[in-house]
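Enquirer: To be precise about what I am sending: the file is called target.tsv and holds TSV, C-alpha atoms.
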chain	number	residue	atom	x	y	z
A	215	MET	CA	-20.90	3.17	54.63
A	216	VAL	CA	-20.01	6.80	53.93
A	217	SER	CA	-16.33	7.68	53.89
A	218	LEU	CA	-14.99	8.16	57.41
A	219	HIS	CA	-13.91	11.78	57.70
A	220	MET	CA	-16.47	14.33	56.54
A	221	GLU	CA	-17.39	17.93	57.22
A	222	CYS	CA	-21.05	18.49	58.07
A	223	LYS	CA	-22.80	20.72	55.53
A	224	ASN	CA	-25.07	22.01	58.27
A	225	CYS	CA	-22.75	22.92	61.17
A	226	ASN	CA	-19.25	22.33	59.67
A	227	THR	CA	-18.34	19.78	62.35
A	228	ASN	CA	-15.84	17.10	61.32
A	229	PHE	CA	-17.29	13.68	62.01
A	230	GLU	CA	-17.21	9.99	61.13
A	231	GLY	CA	-20.09	7.77	60.08
A	232	ASN	CA	-23.44	8.38	58.46
A	233	TYR	CA	-24.72	11.23	60.66
A	234	CYS	CA	-23.12	14.28	62.24
A	235	ASN	CA	-22.67	13.70	65.96
A	236	ASN	CA	-23.27	17.41	66.63
A	237	CYS	CA	-26.51	18.23	64.76
A	238	GLY	CA	-27.72	14.95	63.25
A	239	GLN	CA	-27.31	16.03	59.61
A	240	LYS	CA	-27.08	13.07	57.24
A	241	ALA	CA	-23.69	12.57	55.64
A	242	GLY	CA	-23.32	12.72	51.88
A	243	GLU	CA	-26.47	14.71	51.07
A	244	GLU	CA	-26.68	14.68	47.27
A	245	ARG	CA	-28.06	17.18	44.79
A	246	PHE	CA	-31.76	16.94	44.05
A	247	THR	CA	-32.62	15.31	40.74
A	248	LEU	CA	-36.00	14.45	39.23
A	249	LYS	CA	-35.57	10.75	40.04
A	250	HIS	CA	-34.94	11.62	43.70
A	251	LEU	CA	-38.03	13.85	44.13
A	252	PRO	CA	-40.57	11.01	44.67
A	253	GLY	CA	-38.41	9.60	47.45
A	254	GLU	CA	-37.97	13.05	48.96
A	255	PHE	CA	-41.75	13.52	48.86
A	256	LEU	CA	-42.42	10.24	50.71
A	257	HIS	CA	-39.55	10.84	53.13
A	258	GLY	CA	-41.19	14.02	54.33
A	259	PHE	CA	-44.16	12.13	55.73
A	260	TYR	CA	-42.26	9.72	57.96
A	261	HIS	CA	-39.31	11.87	58.99
A	262	ILE	CA	-39.59	15.52	60.01
A	263	HIS	CA	-36.20	17.25	59.84
A	264	GLY	CA	-36.77	20.44	61.79
A	265	GLY	CA	-39.37	22.70	63.30
A	266	LEU	CA	-42.26	24.22	61.39
A	267	LEU	CA	-42.02	27.62	63.08
A	268	TYR	CA	-38.25	27.70	62.53
A	269	THR	CA	-38.73	27.01	58.81
A	270	ILE	CA	-41.36	29.76	58.54
A	271	LYS	CA	-39.12	32.22	60.38
A	272	GLU	CA	-36.05	31.48	58.28
A	273	LEU	CA	-37.94	31.74	54.99
A	274	PHE	CA	-39.17	35.18	56.02
A	275	THR	CA	-35.95	36.53	57.56
A	276	ARG	CA	-33.22	34.79	55.52
A	277	PRO	CA	-34.86	33.31	52.42
A	278	GLY	CA	-31.80	33.50	50.18
A	279	GLU	CA	-29.36	31.90	52.63
A	280	THR	CA	-31.95	29.33	53.71
A	281	LEU	CA	-32.80	28.12	50.22
A	282	ARG	CA	-29.23	28.13	48.94
A	283	GLY	CA	-28.19	26.21	52.03
A	284	TYR	CA	-31.00	23.68	51.65
A	285	ILE	CA	-30.12	23.01	48.02
A	286	SER	CA	-26.43	22.61	48.88
A	287	GLY	CA	-27.21	20.02	51.58
A	288	LYS	CA	-27.93	21.99	54.76
A	289	ARG	CA	-31.28	20.34	55.49
A	290	VAL	CA	-31.47	18.93	58.99
A	291	GLU	CA	-32.99	22.07	60.57
A	292	TYR	CA	-35.82	22.52	58.09
A	293	PHE	CA	-39.15	20.94	57.28
A	294	ASN	CA	-39.19	18.74	54.21
A	295	PRO	CA	-40.53	21.00	51.42
A	296	PHE	CA	-43.31	18.64	50.38
A	297	THR	CA	-44.51	18.06	53.93
A	298	TYR	CA	-44.43	21.81	54.41
A	299	LEU	CA	-46.46	22.36	51.24
A	300	VAL	CA	-49.13	19.82	52.25
A	301	LEU	CA	-49.51	21.23	55.77
A	302	ILE	CA	-49.73	24.84	54.61
A	303	SER	CA	-52.13	23.91	51.79
A	304	LEU	CA	-54.44	22.16	54.24
A	305	ALA	CA	-54.32	25.10	56.64
A	306	GLY	CA	-54.87	27.54	53.78
A	307	GLY	CA	-57.82	25.58	52.41
A	308	PHE	CA	-59.46	25.48	55.83
A	309	VAL	CA	-58.98	29.19	56.56
A	310	TYR	CA	-60.00	30.13	53.01
A	311	LYS	CA	-63.52	28.76	53.52
A	312	TRP	CA	-64.09	31.03	56.52
A	313	SER	CA	-62.29	34.12	55.23
A	314	GLY	CA	-65.13	35.55	53.16
A	315	VAL	CA	-63.01	35.40	49.99
A	316	PRO	CA	-65.18	32.79	48.17
A	317	ASP	CA	-68.39	34.76	48.84
A	318	HIS	CA	-66.74	38.00	47.76
A	319	LEU	CA	-65.45	36.44	44.54
A	320	ASN	CA	-68.84	34.88	43.79
A	321	GLU	CA	-70.51	38.23	44.30
A	322	ASN	CA	-68.08	40.27	42.23
A	323	PHE	CA	-66.98	37.77	39.58
A	324	LEU	CA	-70.23	35.90	38.95
A	325	ALA	CA	-70.08	36.69	35.24
A	326	SER	CA	-66.37	35.99	34.91
A	327	GLY	CA	-64.84	33.12	32.97
A	328	GLU	CA	-64.52	29.56	34.21
A	329	THR	CA	-60.85	30.05	35.13
A	330	VAL	CA	-61.56	32.89	37.56
A	331	ARG	CA	-64.46	30.98	39.14
A	332	PHE	CA	-62.33	27.84	39.43
A	333	THR	CA	-59.56	29.87	41.06
A	334	GLY	CA	-62.02	31.28	43.56
A	335	LYS	CA	-63.32	27.84	44.45
A	336	TYR	CA	-60.03	25.92	44.47
A	337	PHE	CA	-57.48	28.45	45.67
A	338	SER	CA	-54.88	25.87	46.80
A	339	TYR	CA	-54.87	24.13	43.42
A	340	ARG	CA	-54.33	27.48	41.72
A	341	MET	CA	-51.31	28.08	43.94
A	342	LEU	CA	-49.87	24.62	43.31
A	343	LEU	CA	-49.82	25.23	39.56
A	344	THR	CA	-47.41	28.11	40.03
A	345	ILE	CA	-44.67	25.76	41.29
A	346	PRO	CA	-43.85	24.14	37.92
A	347	THR	CA	-44.32	27.36	35.97
A	348	TYR	CA	-42.02	29.29	38.33
A	349	ALA	CA	-39.47	26.46	38.15
A	350	ILE	CA	-39.47	26.54	34.35
A	351	ILE	CA	-39.11	30.32	34.17
A	352	CYS	CA	-36.37	30.36	36.83
A	353	SER	CA	-34.44	27.65	35.01
A	354	ILE	CA	-34.39	29.98	31.98
A	355	ILE	CA	-33.81	33.37	33.62
A	356	TYR	CA	-31.29	32.03	36.14
A	357	LYS	CA	-29.59	29.51	33.88
A	358	SER	CA	-26.14	30.78	34.88
A	359	PHE	CA	-26.63	29.54	38.47
A	360	LYS	CA	-26.47	25.91	37.28
A	361	TYR	CA	-29.46	24.68	39.31
A	362	ASN	CA	-31.21	21.73	37.67
A	363	ILE	CA	-34.99	21.59	37.23
A	364	ALA	CA	-35.45	19.45	40.34
A	365	GLU	CA	-33.63	22.05	42.45
A	366	HIS	CA	-35.77	24.82	40.98
A	367	LEU	CA	-38.85	22.76	41.90
A	368	ILE	CA	-37.61	22.47	45.49
A	369	ILE	CA	-36.90	26.20	45.70
A	370	ASN	CA	-40.33	27.11	44.37
A	371	THR	CA	-42.12	24.55	46.52
A	372	PHE	CA	-40.74	26.40	49.54
A	373	LEU	CA	-41.53	29.76	47.91
A	374	ILE	CA	-45.16	28.97	47.17
A	375	SER	CA	-45.67	27.33	50.57
A	376	GLN	CA	-44.34	30.45	52.28
A	377	SER	CA	-46.46	32.66	50.02
A	378	MET	CA	-49.50	30.70	51.21
A	379	VAL	CA	-48.46	31.45	54.79
A	380	LEU	CA	-48.74	35.13	53.87
A	381	MET	CA	-52.18	34.57	52.37
A	382	VAL	CA	-53.32	32.71	55.51
A	383	PHE	CA	-52.17	35.71	57.56
A	384	TRP	CA	-54.30	38.10	55.50
A	385	MET	CA	-57.29	35.75	55.54
A	386	LEU	CA	-57.12	35.54	59.33
A	387	ILE	CA	-57.22	39.35	59.46
A	388	SER	CA	-60.28	39.24	57.21
A	389	ILE	CA	-61.97	36.75	59.55
A	390	LEU	CA	-61.22	38.92	62.58
A	391	LEU	CA	-62.23	42.27	61.05
A	392	LYS	CA	-65.18	41.09	58.91
A	393	PRO	CA	-64.74	44.12	56.59
A	394	GLY	CA	-67.30	45.52	54.19
A	395	ASN	CA	-66.73	45.63	50.44
A	396	LEU	CA	-64.31	48.57	50.53
A	397	GLY	CA	-62.36	47.15	53.47
A	398	PHE	CA	-62.23	43.78	51.77
A	399	GLU	CA	-60.86	45.34	48.59
A	400	ILE	CA	-58.11	47.05	50.61
A	401	LEU	CA	-57.21	43.77	52.32
A	402	PHE	CA	-57.25	41.90	49.00
A	403	ILE	CA	-54.92	44.41	47.33
A	404	SER	CA	-52.62	44.42	50.38
A	405	ALA	CA	-52.48	40.63	50.40
A	406	PHE	CA	-51.74	40.36	46.69
A	407	SER	CA	-49.10	43.12	46.88
A	408	SER	CA	-47.31	41.43	49.80
A	409	PHE	CA	-47.49	38.12	47.92
A	410	ILE	CA	-45.76	39.59	44.85
A	411	LEU	CA	-43.26	41.64	46.87
A	412	TYR	CA	-42.20	38.66	48.98
A	413	GLN	CA	-41.57	36.49	45.92
A	414	VAL	CA	-39.53	39.23	44.20
A	415	ILE	CA	-37.44	39.62	47.36
A	416	VAL	CA	-36.81	35.86	47.56
A	417	PHE	CA	-35.60	35.64	43.96
A	418	PHE	CA	-33.53	38.78	44.44
A	419	ARG	CA	-31.80	37.27	47.48
A	420	ILE	CA	-31.32	33.68	46.41
A	421	PHE	CA	-29.95	34.59	42.97
A	422	ASN	CA	-27.56	37.11	44.45
A	423	THR	CA	-24.92	37.87	41.84
A	424	GLY	CA	-24.85	40.72	39.35
A	425	LYS	CA	-25.89	44.36	39.43
A	426	THR	CA	-28.70	45.30	41.81
A	427	PHE	CA	-30.98	46.76	39.14
A	428	LEU	CA	-30.63	43.74	36.86
A	429	ARG	CA	-31.31	41.39	39.80
A	430	LEU	CA	-34.52	43.31	40.54
A	431	VAL	CA	-35.61	43.18	36.91
A	432	ASN	CA	-34.93	39.43	36.71
A	433	ALA	CA	-36.74	38.77	39.99
A	434	ALA	CA	-39.81	40.76	38.93
A	435	ALA	CA	-39.79	39.09	35.50
A	436	ALA	CA	-39.61	35.61	37.06
A	437	VAL	CA	-42.63	36.35	39.26
A	438	LEU	CA	-44.81	38.07	36.66
A	439	ILE	CA	-44.05	35.64	33.83
A	440	GLY	CA	-44.41	32.67	36.18
A	441	LEU	CA	-47.81	33.89	37.34
A	442	GLY	CA	-48.93	34.59	33.80
A	443	LEU	CA	-47.84	31.17	32.62
A	444	SER	CA	-49.63	29.51	35.53
A	445	PHE	CA	-52.85	31.32	34.55
A	446	VAL	CA	-52.47	30.05	30.98
A	447	LEU	CA	-51.93	26.53	32.32
A	448	MET	CA	-54.95	26.84	34.62
A	449	ASN	CA	-57.10	28.07	31.75
A	450	PHE	CA	-55.98	25.10	29.63
A	451	LEU	CA	-56.77	22.58	32.37
A	452	VAL	CA	-60.17	24.13	33.11
A	453	LYS	CA	-61.13	23.89	29.44
A	454	ILE	CA	-60.12	20.22	29.38
A	455	VAL	CA	-62.21	19.51	32.48
A	456	HIS	CA	-65.27	21.17	30.94
A	457	LEU	CA	-65.02	19.49	27.54
Show this structure as structure tokens.

Expert:
Amino acid sequence: MVSLHMECKNCNTNFEGNYCNNCGQKAGEERFTLKHLPGEFLHGFYHIHGGLLYTIKELFTRPGETLRGYISGKRVEYFNPFTYLVLISLAGGFVYKWSGVPDHLNENFLASGETVRFTGKYFSYRMLLTIPTYAIICSIIYKSFKYNIAEHLIINTFLISQSMVLMVFWMLISILLKPGNLGFEILFISAFSSFILYQVIVFFRIFNTGKTFLRLVNAAAAVLIGLGLSFVLMNFLVKIVHL
């Protein structure tokens, strides 16, 4: 039994017992640790905390406050990050097949290396690999914020899931417009630019102390180095597969 008098981390209501009588938030939400992540992953498939559309909206409009709040224990209103990742990955994989992106990549990158061809064929897997690389880079660049590696994994699971929402949006536009090569190039550049810009904004807002310019530099570095490291990791895994 949790101690009797507690303040809800979600709505600040004083309550007794295991759950807030105002919003349903669980009492005594602990910090994420690596040993807790498997349980959190499984929990997401039999208990949905909050609405999908609400989670999407909050991660676009208030990403910094949302992610800081989730890490600190304000979780009842949001989708479990792993459930969210699985749902968005499935939706992204389905839309990707009909978006024209695979055909365009095959046509324009036929002579490219195995890594580029693998990325074109298995887009969702490519995105998933950025989660651990982003987490590692963030744990180094933002060491002063005292988040552990499990908390950085949670943050970046949400970040990559939301980035995939952006990519789904652009792929749906591609399906509707059915552009030619030039139009497709414009859409592709727009999609990639929005992908990078969104991630920089999220890091800028969640890690919100220090001078503005330095925060921008750190946010851009986290994204670019994280992406680069994920490409190195992908290249390594592809070579192992083809040994």

Enquirer: Could you check the closest approach to Lys392 (chain A) for each of A:Leu304, A:Ser313, A:Glu272, A:Pro277 and tell me which residue wins, using all atoms listed in the file?

Expert: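 Of the candidates, the smallest distance to Lys392 (chain A) is held by A:Ser313.
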
Enquirer: Which residues are close to Gly306 (chain A), i.e. within 8 Å by all atoms listed in the file, leaving aside same-chain residues fewer than 3 positions away? Reply as a list in words.

Expert: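 Once the adjacent positions are removed, what remains is Ile302, Ser303, Val309, Tyr310, Ser338, Met378, Val379, Met381 and Val382 of chain A.
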
Enquirer: May I ask which of the residues A:Met385, A:Ile363, A:Ala435, A:Leu266 is the closest one to Glu291 (chain A), counting all atoms listed in the file?

Expert: A:Leu266

Enquirer: Rank nothing, just name the residue among A:Leu343, A:Ile374, A:Cys222, A:Ile415 nearest to Phe450 (chain A), using all atoms listed in the file.

Expert: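 The closest residue to Phe450 (chain A) is A:Leu343.
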
Enquirer: Please measure the separation of CA of Leu342 (chain A) and CA of Arg429 (chain A), giving the value in Å to one decimal.

Expert: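 One can read the CA of Leu342 (chain A) to CA of Arg429 (chain A) distance as 25.3 Å.
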
Enquirer: What is the distance, in Å and to one decimal place, between CA of Ala434 (chain A) and CA of Ser407 (chain A)?

Expert: 12.5 Å

Enquirer: For a test of reading the model, state the distance in Å between CA of Leu281 (chain A) and CA of Ala436 (chain A), rounded to one decimal.

Expert: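 These atoms are spaced 16.6 Å apart.
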
Enquirer: Which residue, A:Leu299, A:Ile270, A:Val446, A:Ile369, has the smallest gap to Gly283 (chain A) when you use all atoms listed in the file?

Expert: A:Ile369

Enquirer: Between A:Leu367, A:Leu267, A:Gln376, A:Ile355, which is the closest to Val300 (chain A) once you count all atoms listed in the file?

Expert: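 Under the stated criterion, the closest residue is A:Gln376.
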